[in-house]
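Student: The following block contains the structure, expressed as structure tokens.
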Amino acid sequence: MLGVQLVQEQRIRLSITPEMKQSFHLLTLSGQDLTRYLQDAAEENPVLELEEEVAPLVRIPRRMDQRRYASYDPLLQAQGAEPTLEQLLAAQIRVMTLPDGMEYIAVYLAGCINDDGYLTIELTEVQAALGLSMCEVTAGLELLQSLDPAGVGARNLRECLLLQIRRDPSAMLYAERMVEAGLEALVPFHPGRTATRLAITSREAQAAYDYITRLDPKPCRSLGCTERPHYILPDAIVELRNGEACFRLHAAGNPGISINQMCSRWIRDAAPDNIWSTRAAEARAIIRSVHLRRRTLMRVLAAVMEEQNTFLVEGPSALRPLNLSVVAEKIGMHESTVSRAVSGKYIHTPYGVYELRAFFDSGIGTTSGDQTSASAVKRRLKALIRKEQSHRPHSDSHLAALLAEEGIVISRRTVAKYREELQILPSLERKRWI
């Protein structure tokens with residue numbers, strides 16, 4: 001017969017408190033994300049006080065007339081919104097002398113252009129929407145395709161290239177015929193077969209192909225205002241002074257945070273309800289998490305820069321193999337904590353801004369017994385391809401042999417993998433036959 005009984009036993013279980021979860025979350029945030037997080041927290045919690053950055057004062061040149069700047073307004077120096085691609089095209093249309101109906105069609109089609117400059121609507125749909133004949137719609141499309149830049153209003157890549165070739169007075173001979181014959185014959189390109197197909201010489205086919213590769217497949221990608229640019233603010237700055245690495249956290253990504261003294265004094269003296277006591281405890285927990293994040297980042301940065309000291313002296317080519325376990329063991333933390341600390345963080349070095357994860361690279365053995373980083377091998381591979389002869393490019397096997405002569409032993413498959421990561425074409429497509 002089954003019975004019910006109470007059993008008492010001891011168990012050891014690891015539990016994560018809400019404050020620990022908050023610390024983990026803040027550690028994964030970049031400097032910009034941390035600033036936004038603290039701003040939202042300060043708006044919700046009046047006990048928390050965030051130190052705002054003070055805007056620099058505008059300095060007026062002494063040699064200029066001070067009276068001209070008596071009523072200086074900094075808002076007048078703010079940059080206005082850039083026009084969109086549709087507005088740029090419509091501005092070109094409106095300066096032309098056109099019938100009202102033709103201008104209306106062209107402006108309507110300009111609104112159907114995507115960011116790359118291609119028409120994203122069928123002419124039959126335009127005809128049905130405007131209630132016009134196909135001849136009028138076609139005439140409006142021709143007007144749109146005559147605007148700048150060349151290639152705008154194309155419906156496919158083939159038409160885009162043809163529009164650019166036909167408007168270029170210095171276009172290479174047979175380039176238009178080569179595009180009309182089909183783009184599938186250009187990848188991969190072989191001048192002998194293409195020349196035989198078009199009844200031209202191999203030299204003419206190679207010259208036309210080189211001209212086509214210089215055309216822009218997305219002619220409008222640099223025009224118009226589509227989205228705001230994204231700027232990277234480094235989370236830390238490292239410098240080399242007198243042979244020693246000096247690093248610090250960037251002030252923009254580490255705002256000052258504290259407890260509002262007036263609020264804290266009122267809570268302590270007036271003894272309000274538990275809600276305000278809870279708010280004060282939440283504020284103190286956030287401040288502790290922010291301070292813990294700063295200490296962890298500084299420890300991780302110190303360990304990484306100590307391991308990558310040759311990078312600061314010799315540059316990116318001297319990056320050493322490094323993994324998370326080495327840094328974790330060095331600072332006495334778990335690998336997951338180090339992974340959270342380097343996730344999404346950037347560091348400003350004497351050689352530019354680098355993602356912190358770029359300093360963690362796999363190692364490749366050399367004949368001398370040492371190890372080199374994969375990024376250093378990629379840079380050497382890129383240098384070998386840059387120096388090759390255009391009519392006799394190095395194959396992947398030959399590149400592997402050249403690296404082996406320098407003491408870097410990798411397989412042909414690894415060379416192909418690194419070449420694809422560098423977005424370098426195979427030897428057959430890099431070859432220039434003339």
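Chain labels follow the order of the structure tokens: the first chain is A, the next B, and so on; residue numbering restarts at 1 in every chain, and ligands are counted from 1 in their shown order.
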Taking the DSSP secondary structure from the backbone, can you list the residues of segment 191-409 of chain A that are strand (DSSP E), as a ChimeraX atom specification?

Tutor: /A:236-241,244-249,257-259,346-349,352-355,363-365,371-373

Student: Neighbouring residues of Arg279 of chain A were defined as those with any atom within 9 Å, considering only C-alpha atoms; residues of the same chain fewer than 5 positions away were excluded. Please report them as an mmCIF file with C-alpha atoms, in the first residue's frame.

Tutor:
```cif
data_model
loop_
_atom_site.group_PDB
_atom_site.id
_atom_site.type_symbol
_atom_site.label_atom_id
_atom_site.label_comp_id
_atom_site.auth_asym_id
_atom_site.auth_seq_id
_atom_site.Cartn_x
_atom_site.Cartn_y
_atom_site.Cartn_z
ATOM 1 C CA ASN A 45 13.350 55.648 -11.182
ATOM 2 C CA PRO A 46 13.658 59.194 -9.716
ATOM 3 C CA VAL A 47 16.165 57.942 -7.132
ATOM 4 C CA LEU A 48 18.665 57.224 -9.904
ATOM 5 C CA ASN A 274 7.942 50.382 0.823
ATOM 6 C CA ARG A 284 21.785 50.853 -5.721
#
```

Student: If we count only C-alpha atoms, what is near Tyr108 of chain A at a cut-off of 10 Å, once residues fewer than 2 positions away on the same chain are taken out, given as JSON, numbers by chain?

Tutor: {"A": [86, 90, 102, 103, 104, 105, 106, 110, 111, 112, 113, 126, 130, 140, 141, 144]}

Student: Do a neighbour search on segment 255-266 of chain A at 9 Å with only C-alpha atoms, toss out local chain neighbours closer than 2 positions, and write the hits as an mmCIF file with N, CA, C and O atoms, in the first residue's frame.

Tutor:
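See around-v4.cif below for the written result:
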```
data_model
loop_
_atom_site.group_PDB
_atom_site.id
_atom_site.type_symbol
_atom_site.label_atom_id
_atom_site.label_comp_id
_atom_site.auth_asym_id
_atom_site.auth_seq_id
_atom_site.Cartn_x
_atom_site.Cartn_y
_atom_site.Cartn_z
ATOM 1 N N GLY A 31 28.699 50.352 -25.178
ATOM 2 C CA GLY A 31 28.637 51.639 -24.503
ATOM 3 C C GLY A 31 27.397 52.432 -24.865
ATOM 4 O O GLY A 31 26.762 53.046 -24.001
ATOM 5 N N LEU A 34 24.381 50.773 -23.274
ATOM 6 C CA LEU A 34 24.377 51.012 -21.830
ATOM 7 C C LEU A 34 23.855 52.407 -21.510
ATOM 8 O O LEU A 34 23.071 52.593 -20.560
ATOM 9 N N THR A 35 24.256 53.397 -22.308
ATOM 10 C CA THR A 35 23.778 54.762 -22.079
ATOM 11 C C THR A 35 22.268 54.845 -22.241
ATOM 12 O O THR A 35 21.573 55.476 -21.432
ATOM 13 N N LEU A 38 20.580 53.165 -19.216
ATOM 14 C CA LEU A 38 20.606 53.983 -18.006
ATOM 15 C C LEU A 38 19.683 55.193 -18.128
ATOM 16 O O LEU A 38 19.093 55.639 -17.134
ATOM 17 N N PRO A 46 13.156 57.853 -10.074
ATOM 18 C CA PRO A 46 13.658 59.194 -9.716
ATOM 19 C C PRO A 46 14.804 59.158 -8.722
ATOM 20 O O PRO A 46 15.499 60.163 -8.555
ATOM 21 N N VAL A 47 15.040 58.025 -8.061
ATOM 22 C CA VAL A 47 16.165 57.942 -7.132
ATOM 23 C C VAL A 47 17.482 57.883 -7.882
ATOM 24 O O VAL A 47 18.531 58.306 -7.375
ATOM 25 N N LEU A 48 17.451 57.379 -9.099
ATOM 26 C CA LEU A 48 18.665 57.224 -9.904
ATOM 27 C C LEU A 48 18.948 58.524 -10.635
ATOM 28 O O LEU A 48 18.054 59.131 -11.235
ATOM 29 N N GLU A 49 20.193 58.943 -10.622
ATOM 30 C CA GLU A 49 20.596 60.200 -11.252
ATOM 31 C C GLU A 49 21.710 59.930 -12.241
ATOM 32 O O GLU A 49 22.737 59.339 -11.897
ATOM 33 N N LEU A 50 21.496 60.355 -13.478
ATOM 34 C CA LEU A 50 22.458 60.132 -14.552
ATOM 35 C C LEU A 50 23.094 61.457 -14.920
ATOM 36 O O LEU A 50 22.401 62.458 -15.151
ATOM 37 N N GLU A 51 24.417 61.476 -14.973
ATOM 38 C CA GLU A 51 25.132 62.692 -15.335
ATOM 39 C C GLU A 51 25.124 62.857 -16.846
ATOM 40 O O GLU A 51 25.653 62.014 -17.578
ATOM 41 N N GLU A 52 24.506 63.920 -17.307
ATOM 42 C CA GLU A 52 24.422 64.187 -18.737
ATOM 43 C C GLU A 52 25.720 64.809 -19.223
ATOM 44 O O GLU A 52 26.386 65.560 -18.502
ATOM 45 N N GLU A 53 26.055 64.511 -20.478
ATOM 46 C CA GLU A 53 27.250 65.095 -21.076
ATOM 47 C C GLU A 53 26.987 66.563 -21.402
ATOM 48 O O GLU A 53 25.929 66.928 -21.909
ATOM 49 N N ALA A 251 34.641 57.765 -22.379
ATOM 50 C CA ALA A 251 33.695 58.491 -21.523
ATOM 51 C C ALA A 251 32.282 58.479 -22.097
ATOM 52 O O ALA A 251 31.302 58.492 -21.340
ATOM 53 N N ALA A 252 32.146 58.444 -23.443
ATOM 54 C CA ALA A 252 30.810 58.498 -24.045
ATOM 55 C C ALA A 252 29.993 57.257 -23.730
ATOM 56 O O ALA A 252 28.769 57.317 -23.654
ATOM 57 N N GLY A 253 30.653 56.120 -23.553
ATOM 58 C CA GLY A 253 29.929 54.891 -23.282
ATOM 59 C C GLY A 253 29.891 54.499 -21.828
ATOM 60 O O GLY A 253 29.415 53.405 -21.494
ATOM 61 N N ARG A 268 15.213 58.402 3.717
ATOM 62 C CA ARG A 268 15.791 58.028 5.005
ATOM 63 C C ARG A 268 15.108 58.747 6.168
ATOM 64 O O ARG A 268 14.861 58.158 7.229
ATOM 65 N N ASP A 269 14.764 60.026 5.989
ATOM 66 C CA ASP A 269 14.198 60.801 7.093
ATOM 67 C C ASP A 269 12.688 60.670 7.202
ATOM 68 O O ASP A 269 12.152 60.491 8.302
ATOM 69 N N ALA A 270 12.005 60.751 6.066
ATOM 70 C CA ALA A 270 10.538 60.729 6.111
ATOM 71 C C ALA A 270 9.982 59.329 6.262
ATOM 72 O O ALA A 270 8.818 59.170 6.645
ATOM 73 N N ALA A 271 10.764 58.304 5.965
ATOM 74 C CA ALA A 271 10.318 56.911 6.069
ATOM 75 C C ALA A 271 8.997 56.688 5.339
ATOM 76 O O ALA A 271 7.972 56.384 5.958
ATOM 77 N N PRO A 272 8.977 56.856 4.004
ATOM 78 C CA PRO A 272 7.736 56.640 3.249
ATOM 79 C C PRO A 272 7.425 55.159 3.135
ATOM 80 O O PRO A 272 8.035 54.313 3.790
ATOM 81 N N ALA A 280 14.871 52.736 -4.154
ATOM 82 C CA ALA A 280 16.249 53.014 -3.733
ATOM 83 C C ALA A 280 17.118 51.767 -3.841
ATOM 84 O O ALA A 280 18.284 51.835 -4.274
ATOM 85 N N ALA A 283 17.967 51.218 -7.491
ATOM 86 C CA ALA A 283 18.986 52.165 -7.947
ATOM 87 C C ALA A 283 20.375 51.736 -7.487
ATOM 88 O O ALA A 283 21.341 51.785 -8.253
ATOM 89 N N ARG A 284 20.476 51.320 -6.219
ATOM 90 C CA ARG A 284 21.785 50.853 -5.721
ATOM 91 C C ARG A 284 22.246 49.607 -6.459
ATOM 92 O O ARG A 284 23.455 49.442 -6.722
ATOM 93 N N ILE A 287 23.671 50.670 -9.823
ATOM 94 C CA ILE A 287 24.989 51.291 -9.679
ATOM 95 C C ILE A 287 26.057 50.231 -9.430
ATOM 96 O O ILE A 287 27.155 50.283 -10.002
ATOM 97 N N VAL A 290 26.796 48.502 -12.719
ATOM 98 C CA VAL A 290 27.590 49.332 -13.625
ATOM 99 C C VAL A 290 29.052 49.334 -13.199
ATOM 100 O O VAL A 290 29.965 49.200 -14.035
#
```

Student: Would you list the contacts of Ile424 of chain A as a list in words, taking every protein, DNA or RNA residue within 12 Å and counting only C-alpha atoms, but skipping same-chain residues closer than 4 positions in sequence?

Tutor: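 Contacts, with the query itself left out: Lys378, Leu381, Lys382, Ala383, Leu384, Ile385, Arg386, Pro393, His394, Ser395, Asp396, Val415, Ala416, Lys417, Tyr418, Arg419, Glu420, Leu428, Glu429 and Arg430 of chain A.
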
Student: Keeping N, CA and C atoms for every residue in the selection just given, could you write it to a file as a PDB file, in the first residue's frame?

Tutor:
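And here is the file that came out, selection_21.pdb:
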```pdb
ATOM      1  N   LYS A 378      45.471  35.355 -43.560  1.00  0.00           N
ATOM      2  CA  LYS A 378      44.605  35.971 -44.570  1.00  0.00           C
ATOM      3  C   LYS A 378      45.254  37.204 -45.172  1.00  0.00           C
ATOM      4  N   LEU A 381      47.884  36.004 -47.501  1.00  0.00           N
ATOM      5  CA  LEU A 381      47.246  35.452 -48.697  1.00  0.00           C
ATOM      6  C   LEU A 381      46.786  36.566 -49.622  1.00  0.00           C
ATOM      7  N   LYS A 382      46.217  37.619 -49.056  1.00  0.00           N
ATOM      8  CA  LYS A 382      45.771  38.749 -49.864  1.00  0.00           C
ATOM      9  C   LYS A 382      46.947  39.449 -50.528  1.00  0.00           C
ATOM     10  N   ALA A 383      48.075  39.543 -49.825  1.00  0.00           N
ATOM     11  CA  ALA A 383      49.261  40.175 -50.403  1.00  0.00           C
ATOM     12  C   ALA A 383      49.818  39.360 -51.557  1.00  0.00           C
ATOM     13  N   LEU A 384      49.813  38.028 -51.439  1.00  0.00           N
ATOM     14  CA  LEU A 384      50.295  37.179 -52.540  1.00  0.00           C
ATOM     15  C   LEU A 384      49.416  37.322 -53.777  1.00  0.00           C
ATOM     16  N   ILE A 385      48.118  37.392 -53.571  1.00  0.00           N
ATOM     17  CA  ILE A 385      47.214  37.530 -54.720  1.00  0.00           C
ATOM     18  C   ILE A 385      47.355  38.910 -55.345  1.00  0.00           C
ATOM     19  N   ARG A 386      47.627  39.929 -54.541  1.00  0.00           N
ATOM     20  CA  ARG A 386      47.779  41.275 -55.075  1.00  0.00           C
ATOM     21  C   ARG A 386      49.022  41.383 -55.968  1.00  0.00           C
ATOM     22  N   PRO A 393      47.329  33.986 -62.772  1.00  0.00           N
ATOM     23  CA  PRO A 393      47.013  34.072 -61.332  1.00  0.00           C
ATOM     24  C   PRO A 393      47.331  32.755 -60.632  1.00  0.00           C
ATOM     25  N   HIS A 394      47.574  32.860 -59.338  1.00  0.00           N
ATOM     26  CA  HIS A 394      47.902  31.680 -58.541  1.00  0.00           C
ATOM     27  C   HIS A 394      46.640  30.869 -58.251  1.00  0.00           C
ATOM     28  N   SER A 395      46.739  29.566 -58.438  1.00  0.00           N
ATOM     29  CA  SER A 395      45.650  28.684 -58.028  1.00  0.00           C
ATOM     30  C   SER A 395      45.710  28.481 -56.510  1.00  0.00           C
ATOM     31  N   ASP A 396      44.662  27.874 -55.963  1.00  0.00           N
ATOM     32  CA  ASP A 396      44.640  27.626 -54.519  1.00  0.00           C
ATOM     33  C   ASP A 396      45.772  26.694 -54.103  1.00  0.00           C
ATOM     34  N   VAL A 415      42.921  27.336 -47.902  1.00  0.00           N
ATOM     35  CA  VAL A 415      43.197  28.500 -48.748  1.00  0.00           C
ATOM     36  C   VAL A 415      41.928  28.958 -49.453  1.00  0.00           C
ATOM     37  N   ALA A 416      41.162  28.010 -49.994  1.00  0.00           N
ATOM     38  CA  ALA A 416      39.909  28.357 -50.661  1.00  0.00           C
ATOM     39  C   ALA A 416      38.917  28.984 -49.691  1.00  0.00           C
ATOM     40  N   LYS A 417      38.878  28.475 -48.480  1.00  0.00           N
ATOM     41  CA  LYS A 417      37.974  29.022 -47.459  1.00  0.00           C
ATOM     42  C   LYS A 417      38.358  30.454 -47.111  1.00  0.00           C
ATOM     43  N   TYR A 418      39.649  30.714 -46.879  1.00  0.00           N
ATOM     44  CA  TYR A 418      40.100  32.068 -46.552  1.00  0.00           C
ATOM     45  C   TYR A 418      39.886  33.007 -47.736  1.00  0.00           C
ATOM     46  N   ARG A 419      40.100  32.501 -48.952  1.00  0.00           N
ATOM     47  CA  ARG A 419      39.919  33.342 -50.136  1.00  0.00           C
ATOM     48  C   ARG A 419      38.453  33.769 -50.271  1.00  0.00           C
ATOM     49  N   GLU A 420      37.529  32.856 -50.002  1.00  0.00           N
ATOM     50  CA  GLU A 420      36.113  33.197 -50.076  1.00  0.00           C
ATOM     51  C   GLU A 420      35.727  34.175 -48.975  1.00  0.00           C
ATOM     52  N   LEU A 428      40.504  31.259 -62.083  1.00  0.00           N
ATOM     53  CA  LEU A 428      39.966  31.332 -63.444  1.00  0.00           C
ATOM     54  C   LEU A 428      39.253  32.645 -63.688  1.00  0.00           C
ATOM     55  N   GLU A 429      38.555  33.163 -62.685  1.00  0.00           N
ATOM     56  CA  GLU A 429      37.836  34.421 -62.848  1.00  0.00           C
ATOM     57  C   GLU A 429      38.719  35.630 -62.602  1.00  0.00           C
ATOM     58  N   ARG A 430      39.872  35.445 -61.991  1.00  0.00           N
ATOM     59  CA  ARG A 430      40.820  36.553 -61.827  1.00  0.00           C
ATOM     60  C   ARG A 430      41.726  36.699 -63.025  1.00  0.00           C
TER      61      ARG A 430
END
```

Student: What does the structure give for the distance between atom CA of Glu307 of chain A and atom CA of Ser30 of chain A, in Å to one decimal?

Tutor: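 Spanning atom CA of Glu307 of chain A to atom CA of Ser30 of chain A is a straight-line distance of 22.7 Å.
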
Student: Pull the alpha helix (DSSP H) assignments for segment 13-195 of chain A out of DSSP run on the backbone, and list those residues as a PyMOL selection string.

Tutor: chain A and resi 18-28+31-44+85-94+100-110+123-130+134-145+157-166+175-180+191-195

Student: Residues at most 10 Å from Glu244 of chain A, counting only C-alpha atoms, excluding those fewer than 3 positions away in the same chain, as a PyMOL selection string?

Tutor: chain A and resi 239-241+247+306+309+312-313

Student: For the selection just defined, write its residues with N, CA and C atoms to a file, as an mmCIF file, in the first residue's frame.

Tutor:
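So the final result, stored in selection.cif, reads:
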```cif
data_model
loop_
_atom_site.group_PDB
_atom_site.id
_atom_site.type_symbol
_atom_site.label_atom_id
_atom_site.label_comp_id
_atom_site.auth_asym_id
_atom_site.auth_seq_id
_atom_site.Cartn_x
_atom_site.Cartn_y
_atom_site.Cartn_z
ATOM 1 N N GLU A 239 46.527 52.912 -25.864
ATOM 2 C CA GLU A 239 47.661 53.628 -26.433
ATOM 3 C C GLU A 239 48.954 52.995 -25.936
ATOM 4 N N LEU A 240 50.009 53.239 -26.674
ATOM 5 C CA LEU A 240 51.329 52.735 -26.310
ATOM 6 C C LEU A 240 52.192 53.913 -25.897
ATOM 7 N N ARG A 241 52.521 53.989 -24.589
ATOM 8 C CA ARG A 241 53.321 55.084 -24.072
ATOM 9 C C ARG A 241 54.570 54.532 -23.404
ATOM 10 N N PHE A 247 45.393 51.977 -21.254
ATOM 11 C CA PHE A 247 44.036 51.926 -21.785
ATOM 12 C C PHE A 247 43.066 52.483 -20.757
ATOM 13 N N GLU A 306 47.734 42.440 -22.827
ATOM 14 C CA GLU A 306 48.989 41.815 -22.401
ATOM 15 C C GLU A 306 49.353 40.649 -23.305
ATOM 16 N N ASN A 309 50.406 42.127 -26.976
ATOM 17 C CA ASN A 309 51.306 43.283 -26.898
ATOM 18 C C ASN A 309 52.051 43.510 -28.206
ATOM 19 N N LEU A 312 50.339 45.981 -30.600
ATOM 20 C CA LEU A 312 50.524 47.409 -30.370
ATOM 21 C C LEU A 312 51.860 47.900 -30.901
ATOM 22 N N VAL A 313 52.848 47.024 -30.987
ATOM 23 C CA VAL A 313 54.186 47.425 -31.428
ATOM 24 C C VAL A 313 54.328 47.302 -32.939
#
```

Student: Just checking: using only C-alpha atoms, which residue out of A:Ala376, A:Arg166, A:Phe360, A:Ala175 ends up closest to Ala318 of chain A?

Tutor: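 Residue with the minimum atom-to-atom distance to Ala318 of chain A: A:Ala376.
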
Student: Fewer than 2 positions away in the same chain doesn't count, so skip those; otherwise give me all residues within 8 Å of Phe359 of chain A, counting only C-alpha atoms, as a PyMOL selection string.

Tutor: chain A and resi 304+308+319-320+322+355-357+361

Student: Please measure the separation of atom CA of Gln389 of chain A and atom CA of Ala199 of chain A, giving the value in Å to one decimal.

Tutor: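 Separating atom CA of Gln389 of chain A from atom CA of Ala199 of chain A is a distance of 27.9 Å.
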
Student: Please indicate the distance in Å from atom CA of Ser222 of chain A to atom CA of Tyr118 of chain A, rounded to one decimal place.

Tutor: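 Answer for the atom CA of Ser222 of chain A to atom CA of Tyr118 of chain A separation: 13.5 Å.
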
Student: At a cut-off of 10 Å, can you tabulate as a Markdown table every residue of segment 315-383 of chain A near segment 233-236 of chain A together with its closest atom pair and the distance in Å to one decimal, using only C-alpha atoms and ordering rows by chain then number?

Tutor:
```
| residue | atom | partner | partner_atom | distance |
| --- | --- | --- | --- | --- |
| A:Gly344 | CA | A:Asp235 | CA | 9.4 |
| A:Lys345 | CA | A:Asp235 | CA | 6.0 |
| A:Tyr346 | CA | A:Pro234 | CA | 4.7 |
| A:Ile347 | CA | A:Ala236 | CA | 4.8 |
| A:His348 | CA | A:Pro234 | CA | 5.8 |
| A:Thr349 | CA | A:Ala236 | CA | 8.9 |
| A:Val353 | CA | A:Pro234 | CA | 7.0 |
| A:Tyr354 | CA | A:Pro234 | CA | 8.4 |
| A:Glu355 | CA | A:Pro234 | CA | 8.6 |
| A:Leu356 | CA | A:Asp235 | CA | 9.5 |
```

Student: Rank A:Ser373, A:Ser362, A:Thr337, A:Ser289 by their smallest atom-to-atom distance to Glu19 of chain A, using only C-alpha atoms, and report the top residue only.

Tutor: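 Closest candidate: A:Ser289.
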